[in-house]
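Trainee: Next up is a structure, given as structure tokens.
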Amino acid sequence: MNQTHHPHHAAILAAIALAFIEPATSATFHVAPGGDDTNAGTELKPFATLEAARDAARKAGAGPRRIALLPGEYFLERPAEFDARDNGLTIEAATTNGATLYGGRRVTGWKRDGATLWYADLPGVKEGTWDFRALVVNGRLAERACYPATNTFDNLGTWSLPLLPAVAGHWERKPTHEELTTMPYDPKDIPTTLDVRNAEVRMYHMWAESLVGVSSNDLQRHALILSSEPSWPPGALNRRKYVIYNTREGMTRPGQWYLDRTTGRLFYWPLAGEDMAKIRIIAPAAERVISITGTRDKPVEGMTVRGLTVQATTAPLKPASFGATAFDGAIHVVSGKNCAFESLEICNAGGVGIRADYLANSRITDCRIHHVGACGAKVNGEATLIARNHIHHLGVYYPSAAASMLGGNKMHIYRNEIHDAPYSGIISGGGGKENLIEENLIYRVMRELHDGAAIYGNMNACTIRGNVVRDVVQVGSGFGASAYYLDEGARDCIVERNVAVGVPMPTHNHITRNVTVRDNVFIADGDMTVSFQRSVGCTFERNTLFVPGKLSVRQANGIRAWKDNVIYGGGGAKDGVPGPFTISDALPSEPTPGRKTWSAEAARVPAAPAIDGEIKTTEWPGKLQTLDREPSRFSVGGAPAMAKFAFDDTCLYVAANVTMFGPAMVSTNSVWGKDDGVEICIAGKTPDGQPATFIVRGDPCGALQSATDAGAPADAAERLGKATRFAARPIPGPSGLFGKGWRGEWAIPFAALGLNPAIDRQTAFNMAAFYSEFGEWHCWEGTLGENWRLGEAGTIQFRQPAEQGPK
């Protein structure tokens, strides 16, 4: 694809460049450590604080204004705050790399505590008015005390519900507060003397983690009662690893620290060669150093921040959220327009490095963001350039940290070097449109967590072009790591002219639509997988693949067009002798799946569920089951349709949850095969004992049909239709009433079906949802024809839940 695919990017860059041409003259106000806030702010008589210079600049009236920070260190215990009154203001270092701003204070007065530890009393800590989770020691973010000293413990949580796609709500039901905050443990792991006021528990999930406090240690139940809710309940998806921070037990090696909130003391174990009489320790007192706050109606416009070094912030005690982006930035912007952040160094920040919540027609360029506790840069905006930044060594305190999370529309992410992050390199999320991610170098990311990539996102109409990714591999067991990963709901994106070296899964496309992967070079060290899991209508063309091992294509039916690819296979050495290469262009063959060998399961219920379209989990026991096949029997793509089945002596109960990515387009008429709907097909008998295939249908607006398409007598079908109860309910979303799909529930009498629901009985069965927006079927079983061809379909089995006794 040529550059004309994104004509707006050239216009954006031109507009940004014009917006940042500075006037020839401006009123300048100088600031210096040890200055005097009563002075005029000249270079000879500078102000002492940014606030004093800011106030003077505001009084200067309209016109260009500049605050120049003279070389030195500035300690701020509260953020320097700016708003729309400061439009057009430039804040910069008077000389290159000369001014450093800290969001905290020096710690002095150290005393010995035993043979290895030192402590300092900190006023306000014991009283609860000062707390922090980061510490800067001799220019580095020091390691927090961690227990156990190596590896992790495993919690004994029992949450076992399956993980669902995000569009379906992650979990079949929402965990209760007690389920989230009760973490059972092995009693040999946790000492009875654990100081719960100090202890903080990190629970590791799949692509996220949670840091939470402890309210109490229930010694009888062997459970920690957490002070706030983690992102996942303990034990979810069998992810059980946890550690405990900030306790005396965790002080096991030099370089560690912990804050004792009970005594109000900061403890530190010095590294070899560190002199406690000369050591520089800075404890953060603020979550932001520079805060720029506008509103959507009145944004801050035309501000420039340039050439400063910003360090030493903290983060509150709460789960870090996706990408470790839940925290404020050391430089924090809300609603800015035509702003510039240039040649900054942001390091040793406990939370996010730079954060901008809606930044339009602006730029973040030539900055170095490194050794940050959480995410390096979180920016959401419109038509903003993020270019030539060096972002590295992120997630020092939060292992779910992405190097950058960049959302919004028409963003241009260009020639950044990104490396050494525990999670993804670039996340472009939130369904952003027309973003261009090009010519970035990304390596050594995905070092701790899973299900991410060098470049990851659920984007629309975006282009990923000319990037180079190397050395991204899965660490431990989990959902894997990729170079270029488009996730749930991504559509109409182009991945072109990129390189991936040493990445076993260079491209992963999960529940995507109309993605084009072309003109890329993917080089593996061994096996390679290219993945189009549950994707639809994708193109894979003119790519070059170097695969010494086996090439696997995951869900090839998601690829609409495979053409002009070159695959260099083999060549691996055996017994020191290089093997031959093969050069081909063929799509690896994938056999047609056979019929399912397992049944849909209906669970006996003691009380009938209410037929109201709600699908309450308390009314529907048993497994949540997915309509996961095309009529061809290959796996179906798109947002999932899920079902639950139950029964009692009188009825078969069926629930359907038909999810959709917004903006969903639901047809609310009742023409079968043209409009949205679900059909249930089941083998039964007519009143005179003849075999029959019955079809019951329902649509999003609540209309019910009992059809004779499969040959059931009209009178028997009519009898079934009159006896069946059905209710439907929309799943609202931002785009409207049916913004995320719809749900339906049926009560189908066994008497009208001519069935006797004996325990463990199997009956021929099928079920399918039709999505009119794409003309696609989601089936329980593909029949290679109509869903009611039960001779080619599946079965349903009537089960008694284990907790119920014989009936």
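Ordered as shown in the structure tokens, chains take letters A, B, and onward, while each chain numbers its residues from 1 and ligands are numbered from 1 in the order shown.
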Could you please write out, as number ranges by chain, every residue of region 48-139 of chain A that DSSP assigns to strand (DSSP E or B)?
Mentor: A: 65-69, 72-75, 80-82, 89-93, 99-102, 104-106, 111-113, 117-121, 136-137
Trainee: Any idea what's packed within 7 Å of Thr313 (chain A), counting only C-alpha atoms, ignoring anything in its chain fewer than 5 positions away? Could you give it as a list in words?
Mentor: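 Close residues of Thr313 (chain A): Gly103, Gly104, Pro284, Ala285, Ala286, Glu287, Arg288, Ala330, Ala349, Gly350 and Gly351 of chain A.
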Trainee: Record the distance separating CA of Trp562 (chain A) and CA of Gly579 (chain A), expressed in Å with one decimal.
Mentor: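 Atom-to-atom, CA of Trp562 (chain A) and CA of Gly579 (chain A) are spaced 27.3 Å apart.
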Trainee: As a list in words, please: the residues near Tyr414 (chain A) (cut-off 10 Å, only C-alpha atoms, same-chain neighbours under 6 positions excluded).
Mentor: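 Here the answer would be Thr365, Leu385, Ile386, Ala387, Arg388, Asn389, Leu436, Ile437, Glu438, Glu439, Asn440, Leu441, Arg465, Gly466 and Asn467 of chain A.
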Trainee: I'd like the neighbourhood of Ala60 (chain A) as JSON, numbers by chain, where a residue qualifies if any of its atoms comes within 12 Å (using only C-alpha atoms), though same-chain residues fewer than 5 positions away should be ignored.
Mentor: {"A": [26, 27, 28, 29, 40, 41, 53, 54, 55, 65, 66, 85, 86, 89]}
Trainee: Would you mind reading off the distance between CA of Gln256 (chain A) and CA of Met203 (chain A), one decimal, in Å?
Mentor: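 Going from CA of Gln256 (chain A) over to CA of Met203 (chain A), I get 20.3 Å.
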Trainee: For a test of reading the model, state the distance in Å between CA of Val530 (chain A) and CA of Ala561 (chain A), rounded to one decimal.
Mentor: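 Calculated distance between CA of Val530 (chain A) and CA of Ala561 (chain A) is 14.2 Å.
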Trainee: Could you name the residues that touch Arg265 (chain A) at 6 Å or less, counting only C-alpha atoms, but leaving out those on the same chain fewer than 2 positions away, as a PDB file with all heavy atoms, in the first residue's frame?
Mentor:
```pdb
ATOM      1  N   ALA A 120      15.270   5.470  58.865  1.00  0.00           N
ATOM      2  CA  ALA A 120      15.071   6.903  59.096  1.00  0.00           C
ATOM      3  C   ALA A 120      13.622   7.120  59.500  1.00  0.00           C
ATOM      4  O   ALA A 120      12.705   6.531  58.911  1.00  0.00           O
ATOM      5  CB  ALA A 120      15.396   7.707  57.839  1.00  0.00           C
ATOM      6  N   ASP A 121      13.404   7.940  60.516  1.00  0.00           N
ATOM      7  CA  ASP A 121      12.041   8.279  60.930  1.00  0.00           C
ATOM      8  C   ASP A 121      11.460   9.310  59.963  1.00  0.00           C
ATOM      9  O   ASP A 121      12.086  10.327  59.652  1.00  0.00           O
ATOM     10  CB  ASP A 121      12.055   8.842  62.355  1.00  0.00           C
ATOM     11  CG  ASP A 121      12.427   7.783  63.384  1.00  0.00           C
ATOM     12  OD1 ASP A 121      11.772   6.722  63.394  1.00  0.00           O
ATOM     13  OD2 ASP A 121      13.386   8.004  64.150  1.00  0.00           O
ATOM     14  N   LEU A 122      10.218   9.049  59.518  1.00  0.00           N
ATOM     15  CA  LEU A 122       9.562   9.937  58.561  1.00  0.00           C
ATOM     16  C   LEU A 122       8.265  10.452  59.151  1.00  0.00           C
ATOM     17  O   LEU A 122       7.287   9.695  59.278  1.00  0.00           O
ATOM     18  CB  LEU A 122       9.286   9.206  57.247  1.00  0.00           C
ATOM     19  CG  LEU A 122      10.495   8.646  56.483  1.00  0.00           C
ATOM     20  CD1 LEU A 122      10.041   8.043  55.160  1.00  0.00           C
ATOM     21  CD2 LEU A 122      11.531   9.738  56.236  1.00  0.00           C
ATOM     22  N   ASP A 260       7.760   0.997  56.972  1.00  0.00           N
ATOM     23  CA  ASP A 260       7.026   0.464  58.111  1.00  0.00           C
ATOM     24  C   ASP A 260       6.008   1.504  58.566  1.00  0.00           C
ATOM     25  O   ASP A 260       6.346   2.475  59.253  1.00  0.00           O
ATOM     26  CB  ASP A 260       7.986   0.100  59.249  1.00  0.00           C
ATOM     27  CG  ASP A 260       7.313  -0.716  60.344  1.00  0.00           C
ATOM     28  OD1 ASP A 260       6.119  -0.482  60.605  1.00  0.00           O
ATOM     29  OD2 ASP A 260       7.977  -1.590  60.915  1.00  0.00           O
ATOM     30  N   THR A 263       5.530   1.825  62.574  1.00  0.00           N
ATOM     31  CA  THR A 263       6.481   2.619  63.368  1.00  0.00           C
ATOM     32  C   THR A 263       6.797   3.971  62.745  1.00  0.00           C
ATOM     33  O   THR A 263       7.430   4.810  63.383  1.00  0.00           O
ATOM     34  CB  THR A 263       7.800   1.843  63.528  1.00  0.00           C
ATOM     35  OG1 THR A 263       8.394   1.648  62.229  1.00  0.00           O
ATOM     36  CG2 THR A 263       7.558   0.484  64.179  1.00  0.00           C
TER      37      THR A 263
END
```
Trainee: I'd like the neighbourhood of region 770-782 of chain A as a PyMOL selection string, where a residue qualifies if any of its atoms comes within 6 Å (using only C-alpha atoms), though same-chain residues fewer than 2 positions away should be ignored.
Mentor: chain A and resi 627-633+665+675-677+766-768+784+793-794
Trainee: Quick one: of A:Ser231, A:Thr507, A:Asn657, A:Asn87, who's nearest to Glu745 (chain A), counting only C-alpha atoms?
Mentor: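 Closest residue, counting only C-alpha atoms: A:Asn657.
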Trainee: Residues near region 274-279 of chain A, anyone? I mean within 8 Å using only C-alpha atoms, not counting same-chain ones fewer than 4 positions away, as a PyMOL selection string.
Mentor: chain A and resi 110+137-138+270
Trainee: Just list as a ChimeraX atom specification whatever in region 54-288 of chain A DSSP marks as alpha helix (DSSP H).
Mentor: /A:54-59,177-181
